[in-house]
Amino acid sequence: MEKVIEAIGSLFETTGNGKQDRIEKLPQSGSDRTYFRIYAGEQTFIATYNLNRPETRTFVYFSRHFLKAGLQVPRIFGVNDDDTLYIQQDLGTDSLLNQLEEHGHADYSYQLFQKSLAGLARLQILGDKDLNYDYCLTAKEFGRQAIMSDLLYFKYYFLDTLQLPYDKQAMLSDFEALSTYLTHTQYKYFMFRDFQSRNIIVKNDEVNFIDYQGGMKGALQYDVASMLWQAKAELSEEWKDSLLAYYMDSVDLLLEEPIDRTTFVSQYNGYVLIRLMQVMGAYGFRGLFERKAHFLASIPLALRNLKFFIENKRVGISTPEFDRVLKLVVSDEMVEKFEPIQANEETPLVIIVNSFSYRNGIPADTSDNGGGFVFDMRGILNPGRFDEYKTLSGKDKPVQDFLEQRTKMNEFLNSVWDLVDITVQEYLRRGFHHLMINFGCTGGQHRSVYAAEQTARHLRNKYKVKVEMEHTNTMNWKKA
């Protein structure tokens, strides 16, 4: 990794953006790409290291083409000779999903969705003009074969992984019929392919798009279906309908003739189903195969999303075996298999989460049952060793960035949560009243505070359980 950082520094010098002060590795995302943040005076930039050279070439070409068309994508400042490294504009880290989590389903979030859909329409239609689709990573067009690939992705990585019974030949026949039906669409332009709220970055109340390197020619409906039916966003039916209408209005402004809305919406439902299948396949691969916690936790949301679609929408073509299997997939038994038990108003369990300093000892547990967990955070590099962090705590963003980017804190906490979750689920099931979880470090100010904050958030989000948190060494924190 040191050689990569050295190469980033050398490439950055050629971009004319001044001298870099430092380069920090960012937390690994769901992809195989590795990201770094470059600090240069008051400015920051993002460097991407990727051994998949065709993917780099595609992203760089698409980005430059879209920028020339005045679209909302990051600027590319430099690419190395072997296409394994490039430097781009830093748009920040606040995604549309972050904004939705912070503001809820309120007017501000709705306006950001509107801006995103208007920007999507422009990206699709204006970005399509003179675009060289030879740069596409897989197929040039999202046609029958690509649709079949998404359906088979669902089959292999979700259905077959769970060993669900079905008539394979009948299923393939249904896949063929659905693929053929959806290829006959009138409105084909640039298709983003993964247009969802994580790939929309909000900066100064405006939206920008990332991760479009998987794009190709395809139906307009696919991308809007991806966004409005993203399980994590949990958009209401009212929002979905009104935002779809807003998107169609935006498309009409860019085309010579208005779209046929009856036909458009009918095929839109078909692309919603295809997108849901692609997502279930991805969750199966990343979650069931690779055991990544985020994707496993997303499966129940995706199943509920799919269940609502099956019960309330119509695609317009008969696929009997596929329909039968989908009903099996969204059955209560299947959802419960992935759904963590959650607290309610009558749940007695209270979880106490503490940070502490080993200088003062482990907090006493005064509950009737006692016990719980104590985690020693001193194996993680201490931000308190560095002058710029000494008067901050684990609640401050610079310390959080340090721990996430320069230490193995994320891996540590994932292991902690694997252990803690087993006990929390059992305690909820058996009606226990109390559980204590303690995180200790040298001064009880940086590592343990961060771990306690993140664990409390994890427990509240996953189990909706009551969490009481205390940073027991606050009075001894070093202040400015």
# chains A, B, ... in the order shown; residues from 1 in each chain; ligands from 1
>>> closest_atom_pairs(of="range 224-337 of chain A", to="range 120-136 of chain A", cutoff="8 Å", atoms="only C-alpha atoms", output="tab-separated table")
residue	atom	partner	partner_atom	distance
A:Tyr247	CA	A:Ala121	CA	7.1
A:Ser250	CA	A:Ala121	CA	6.4
A:Val251	CA	A:Ala121	CA	5.6
A:Leu254	CA	A:Ile125	CA	7.2
>>> closest_atom_pairs(of="range 259-298 of chain A", to="range 178-189 of chain A", cutoff="12 Å", atoms="only C-alpha atoms", output="tab-separated table")
residue	atom	partner	partner_atom	distance
A:Ile259	CA	A:Tyr187	CA	8.4
A:Asp260	CA	A:Gln186	CA	9.4
A:Arg261	CA	A:Tyr187	CA	11.4
A:Thr263	CA	A:Thr185	CA	8.8
A:Phe264	CA	A:Thr185	CA	8.3
A:Val265	CA	A:Thr185	CA	11.2
A:Ser266	CA	A:Leu182	CA	10.0
A:Gln267	CA	A:Leu182	CA	6.7
A:Tyr268	CA	A:Leu182	CA	9.2
A:Asn269	CA	A:Leu182	CA	10.0
A:Gly270	CA	A:Leu182	CA	6.9
A:Tyr271	CA	A:Leu182	CA	7.5
A:Val272	CA	A:Leu182	CA	11.1
A:Leu273	CA	A:Leu178	CA	10.1
A:Ile274	CA	A:Ser179	CA	9.2
>>> residues_around(residues="range 332-336 of chain A", least_positions_apart="3", cutoff="10 Å", atoms="only C-alpha atoms", output="list in words")
Leu162, Ile299, Pro300, Leu301, Ala302, Leu303, Arg304, Lys307, Lys327, Leu328, Val329, Glu339, Pro340 and Ile341 of chain A
>>> write_last_selection(atoms="C-alpha atoms", output="PDB file, in the first residue's frame")
ATOM      1  CA  LEU A 162     -31.060 -21.084  -0.116  1.00  0.00           C
ATOM      2  CA  ILE A 299     -32.048  -8.700   2.914  1.00  0.00           C
ATOM      3  CA  PRO A 300     -35.204  -8.304   5.089  1.00  0.00           C
ATOM      4  CA  LEU A 301     -35.809  -4.797   3.695  1.00  0.00           C
ATOM      5  CA  ALA A 302     -35.394  -6.081   0.151  1.00  0.00           C
ATOM      6  CA  LEU A 303     -37.782  -8.981   0.800  1.00  0.00           C
ATOM      7  CA  ARG A 304     -40.460  -6.655   2.185  1.00  0.00           C
ATOM      8  CA  LYS A 307     -43.462  -8.560  -1.267  1.00  0.00           C
ATOM      9  CA  LYS A 327     -44.397 -15.814  -3.433  1.00  0.00           C
ATOM     10  CA  LEU A 328     -42.305 -18.487  -1.723  1.00  0.00           C
ATOM     11  CA  VAL A 329     -39.350 -16.089  -1.437  1.00  0.00           C
ATOM     12  CA  GLU A 339     -35.220 -10.501  10.146  1.00  0.00           C
ATOM     13  CA  PRO A 340     -33.557  -9.763  13.489  1.00  0.00           C
ATOM     14  CA  ILE A 341     -35.869  -9.813  16.492  1.00  0.00           C
TER      15      ILE A 341
END
>>> residues_around(residues="range 166-171 of chain A", least_positions_apart="6", cutoff="12 Å", atoms="only C-alpha atoms", output="VMD selection string")
chain A and resid 148 151 to 152 154 to 156 159 to 160 177 to 178 318 to 329
>>> residues_around(residues="Gly214 in chain A", least_positions_apart="2", cutoff="9 Å", atoms="only C-alpha atoms", output="number ranges by chain")
A: 55, 58-59, 136-138, 191-194, 211-212, 216
>>> closest_atom_pairs(of="range 105-177 of chain A", to="range 276-288 of chain A", cutoff="6 Å", atoms="only C-alpha atoms", output="CSV")
residue,atom,partner,partner_atom,distance
A:Asp150,CA,A:Gln278,CA,5.1
A:Tyr153,CA,A:Gly281,CA,5.1
A:Phe154,CA,A:Gly281,CA,3.9
A:Tyr157,CA,A:Gly284,CA,5.1
A:Phe158,CA,A:Gly284,CA,4.9
>>> write_last_selection(atoms="C-alpha atoms", output="short mmCIF file (atom, residue, chain, number, x, y, z; two decimals), in the first residue's frame")
data_model
loop_
_atom_site.label_atom_id
_atom_site.label_comp_id
_atom_site.auth_asym_id
_atom_site.auth_seq_id
_atom_site.Cartn_x
_atom_site.Cartn_y
_atom_site.Cartn_z
CA ASP A 150 -29.90 -10.20 -13.85
CA TYR A 153 -27.92 -13.66 -10.88
CA PHE A 154 -30.98 -13.84 -8.61
CA TYR A 157 -26.95 -16.41 -5.70
CA PHE A 158 -30.27 -16.27 -3.89
#
>>> select_by_dssp(residues="range 231-363 of chain A", states="helix (DSSP H, G or I)", output="ChimeraX atom specification")
/A:231-233,237-252,261-289,293-312,320-329,332-338
>>> write_last_selection(atoms="C-alpha atoms", output="PDB file, in the first residue's frame")
ATOM      1  CA  ALA A 231     -35.287  -0.880  -0.070  1.00  0.00           C
ATOM      2  CA  LYS A 232     -33.072   1.139   2.272  1.00  0.00           C
ATOM      3  CA  ALA A 233     -34.802   4.402   1.294  1.00  0.00           C
ATOM      4  CA  GLU A 237     -46.214   4.739  -2.265  1.00  0.00           C
ATOM      5  CA  GLU A 238     -47.265   8.399  -2.445  1.00  0.00           C
ATOM      6  CA  TRP A 239     -43.640   9.513  -2.875  1.00  0.00           C
ATOM      7  CA  LYS A 240     -42.960   6.827  -5.467  1.00  0.00           C
ATOM      8  CA  ASP A 241     -45.959   7.842  -7.574  1.00  0.00           C
ATOM      9  CA  SER A 242     -45.410  11.595  -7.366  1.00  0.00           C
ATOM     10  CA  LEU A 243     -41.656  11.321  -7.984  1.00  0.00           C
ATOM     11  CA  LEU A 244     -42.243   9.061 -10.987  1.00  0.00           C
ATOM     12  CA  ALA A 245     -44.620  11.692 -12.403  1.00  0.00           C
ATOM     13  CA  TYR A 246     -41.989  14.389 -11.731  1.00  0.00           C
ATOM     14  CA  TYR A 247     -39.362  12.306 -13.532  1.00  0.00           C
ATOM     15  CA  MET A 248     -41.630  11.846 -16.564  1.00  0.00           C
ATOM     16  CA  ASP A 249     -42.213  15.618 -16.623  1.00  0.00           C
ATOM     17  CA  SER A 250     -38.423  16.106 -16.620  1.00  0.00           C
ATOM     18  CA  VAL A 251     -38.021  13.659 -19.509  1.00  0.00           C
ATOM     19  CA  ASP A 252     -40.721  15.438 -21.524  1.00  0.00           C
ATOM     20  CA  ARG A 261     -47.189   7.474 -20.105  1.00  0.00           C
ATOM     21  CA  THR A 262     -49.484   4.447 -20.111  1.00  0.00           C
ATOM     22  CA  THR A 263     -46.918   2.319 -21.953  1.00  0.00           C
ATOM     23  CA  PHE A 264     -44.041   3.861 -20.022  1.00  0.00           C
ATOM     24  CA  VAL A 265     -45.523   3.007 -16.609  1.00  0.00           C
ATOM     25  CA  SER A 266     -46.493  -0.512 -17.672  1.00  0.00           C
ATOM     26  CA  GLN A 267     -42.926  -1.326 -18.670  1.00  0.00           C
ATOM     27  CA  TYR A 268     -41.607   0.598 -15.673  1.00  0.00           C
ATOM     28  CA  ASN A 269     -43.230  -2.041 -13.436  1.00  0.00           C
ATOM     29  CA  GLY A 270     -41.373  -4.747 -15.344  1.00  0.00           C
ATOM     30  CA  TYR A 271     -38.075  -2.965 -14.803  1.00  0.00           C
ATOM     31  CA  VAL A 272     -38.874  -2.542 -11.122  1.00  0.00           C
ATOM     32  CA  LEU A 273     -39.091  -6.326 -10.909  1.00  0.00           C
ATOM     33  CA  ILE A 274     -35.821  -6.790 -12.817  1.00  0.00           C
ATOM     34  CA  ARG A 275     -34.066  -4.303 -10.561  1.00  0.00           C
ATOM     35  CA  LEU A 276     -35.409  -6.040  -7.433  1.00  0.00           C
ATOM     36  CA  MET A 277     -34.070  -9.343  -8.774  1.00  0.00           C
ATOM     37  CA  GLN A 278     -30.651  -7.832  -9.444  1.00  0.00           C
ATOM     38  CA  VAL A 279     -30.538  -6.419  -5.920  1.00  0.00           C
ATOM     39  CA  MET A 280     -31.559  -9.741  -4.370  1.00  0.00           C
ATOM     40  CA  GLY A 281     -28.814 -11.458  -6.361  1.00  0.00           C
ATOM     41  CA  ALA A 282     -26.262  -8.894  -5.151  1.00  0.00           C
ATOM     42  CA  TYR A 283     -27.396  -9.288  -1.533  1.00  0.00           C
ATOM     43  CA  GLY A 284     -27.171 -13.048  -1.933  1.00  0.00           C
ATOM     44  CA  PHE A 285     -23.629 -12.834  -3.276  1.00  0.00           C
ATOM     45  CA  ARG A 286     -22.294 -10.167  -0.893  1.00  0.00           C
ATOM     46  CA  GLY A 287     -24.306 -11.360   2.103  1.00  0.00           C
ATOM     47  CA  LEU A 288     -24.862 -15.125   1.856  1.00  0.00           C
ATOM     48  CA  PHE A 289     -21.576 -15.874   0.074  1.00  0.00           C
ATOM     49  CA  ALA A 293     -22.921  -7.667   7.496  1.00  0.00           C
ATOM     50  CA  HIS A 294     -24.367  -4.662   5.649  1.00  0.00           C
ATOM     51  CA  PHE A 295     -25.742  -6.839   2.855  1.00  0.00           C
ATOM     52  CA  LEU A 296     -27.107  -9.494   5.201  1.00  0.00           C
ATOM     53  CA  ALA A 297     -28.901  -6.800   7.190  1.00  0.00           C
ATOM     54  CA  SER A 298     -30.402  -5.409   3.972  1.00  0.00           C
ATOM     55  CA  ILE A 299     -32.048  -8.700   2.914  1.00  0.00           C
ATOM     56  CA  PRO A 300     -35.204  -8.304   5.089  1.00  0.00           C
ATOM     57  CA  LEU A 301     -35.809  -4.797   3.695  1.00  0.00           C
ATOM     58  CA  ALA A 302     -35.394  -6.081   0.151  1.00  0.00           C
ATOM     59  CA  LEU A 303     -37.782  -8.981   0.800  1.00  0.00           C
ATOM     60  CA  ARG A 304     -40.460  -6.655   2.185  1.00  0.00           C
ATOM     61  CA  ASN A 305     -39.961  -4.388  -0.817  1.00  0.00           C
ATOM     62  CA  LEU A 306     -40.408  -7.334  -3.169  1.00  0.00           C
ATOM     63  CA  LYS A 307     -43.462  -8.560  -1.267  1.00  0.00           C
ATOM     64  CA  PHE A 308     -45.190  -5.193  -1.607  1.00  0.00           C
ATOM     65  CA  PHE A 309     -44.453  -5.163  -5.335  1.00  0.00           C
ATOM     66  CA  ILE A 310     -45.831  -8.679  -5.882  1.00  0.00           C
ATOM     67  CA  GLU A 311     -49.023  -7.879  -3.987  1.00  0.00           C
ATOM     68  CA  ASN A 312     -49.684  -4.466  -5.542  1.00  0.00           C
ATOM     69  CA  PRO A 320     -46.475 -18.735 -13.634  1.00  0.00           C
ATOM     70  CA  GLU A 321     -43.428 -20.570 -12.217  1.00  0.00           C
ATOM     71  CA  PHE A 322     -41.553 -17.341 -11.549  1.00  0.00           C
ATOM     72  CA  ASP A 323     -44.621 -15.919  -9.784  1.00  0.00           C
ATOM     73  CA  ARG A 324     -44.956 -19.052  -7.653  1.00  0.00           C
ATOM     74  CA  VAL A 325     -41.319 -18.932  -6.570  1.00  0.00           C
ATOM     75  CA  LEU A 326     -41.478 -15.211  -5.791  1.00  0.00           C
ATOM     76  CA  LYS A 327     -44.397 -15.814  -3.433  1.00  0.00           C
ATOM     77  CA  LEU A 328     -42.305 -18.487  -1.723  1.00  0.00           C
ATOM     78  CA  VAL A 329     -39.350 -16.089  -1.437  1.00  0.00           C
ATOM     79  CA  ASP A 332     -43.326 -14.839   6.306  1.00  0.00           C
ATOM     80  CA  GLU A 333     -41.060 -17.804   7.062  1.00  0.00           C
ATOM     81  CA  MET A 334     -38.423 -16.543   4.658  1.00  0.00           C
ATOM     82  CA  VAL A 335     -38.529 -12.958   5.937  1.00  0.00           C
ATOM     83  CA  GLU A 336     -38.281 -14.173   9.546  1.00  0.00           C
ATOM     84  CA  LYS A 337     -35.184 -16.177   8.601  1.00  0.00           C
ATOM     85  CA  PHE A 338     -33.309 -12.937   7.942  1.00  0.00           C
TER      86      PHE A 338
END
>>> residues_around(residues="range 360-377 of chain A", least_positions_apart="2", cutoff="6 Å", atoms="only C-alpha atoms", output="PyMOL selection string")
chain A and resi 357-358+379-380+435-441
>>> closest_residue(among="A:Leu85, A:Val207, A:Val79, A:Val73", to="Gln111 in chain A", atoms="only C-alpha atoms")
A:Val207
>>> residues_around(residues="Ala343 in chain A", least_positions_apart="2", cutoff="12 Å", atoms="only C-alpha atoms", output="MDAnalysis selection string")
chainID A and resid 340:341 345:351 424:433 459:467
>>> atom_distance(atom1="CA of Phe62 in chain A", atom2="CA of Lys217 in chain A")
12.6 Å
>>> closest_residue(among="A:Ile8, A:Val202, A:Gly18, A:Asp82", to="Asp94 in chain A", atoms="only C-alpha atoms")
A:Val202
>>> atom_distance(atom1="CA of Asp21 in chain A", atom2="CA of Thr48 in chain A")
17.6 Å
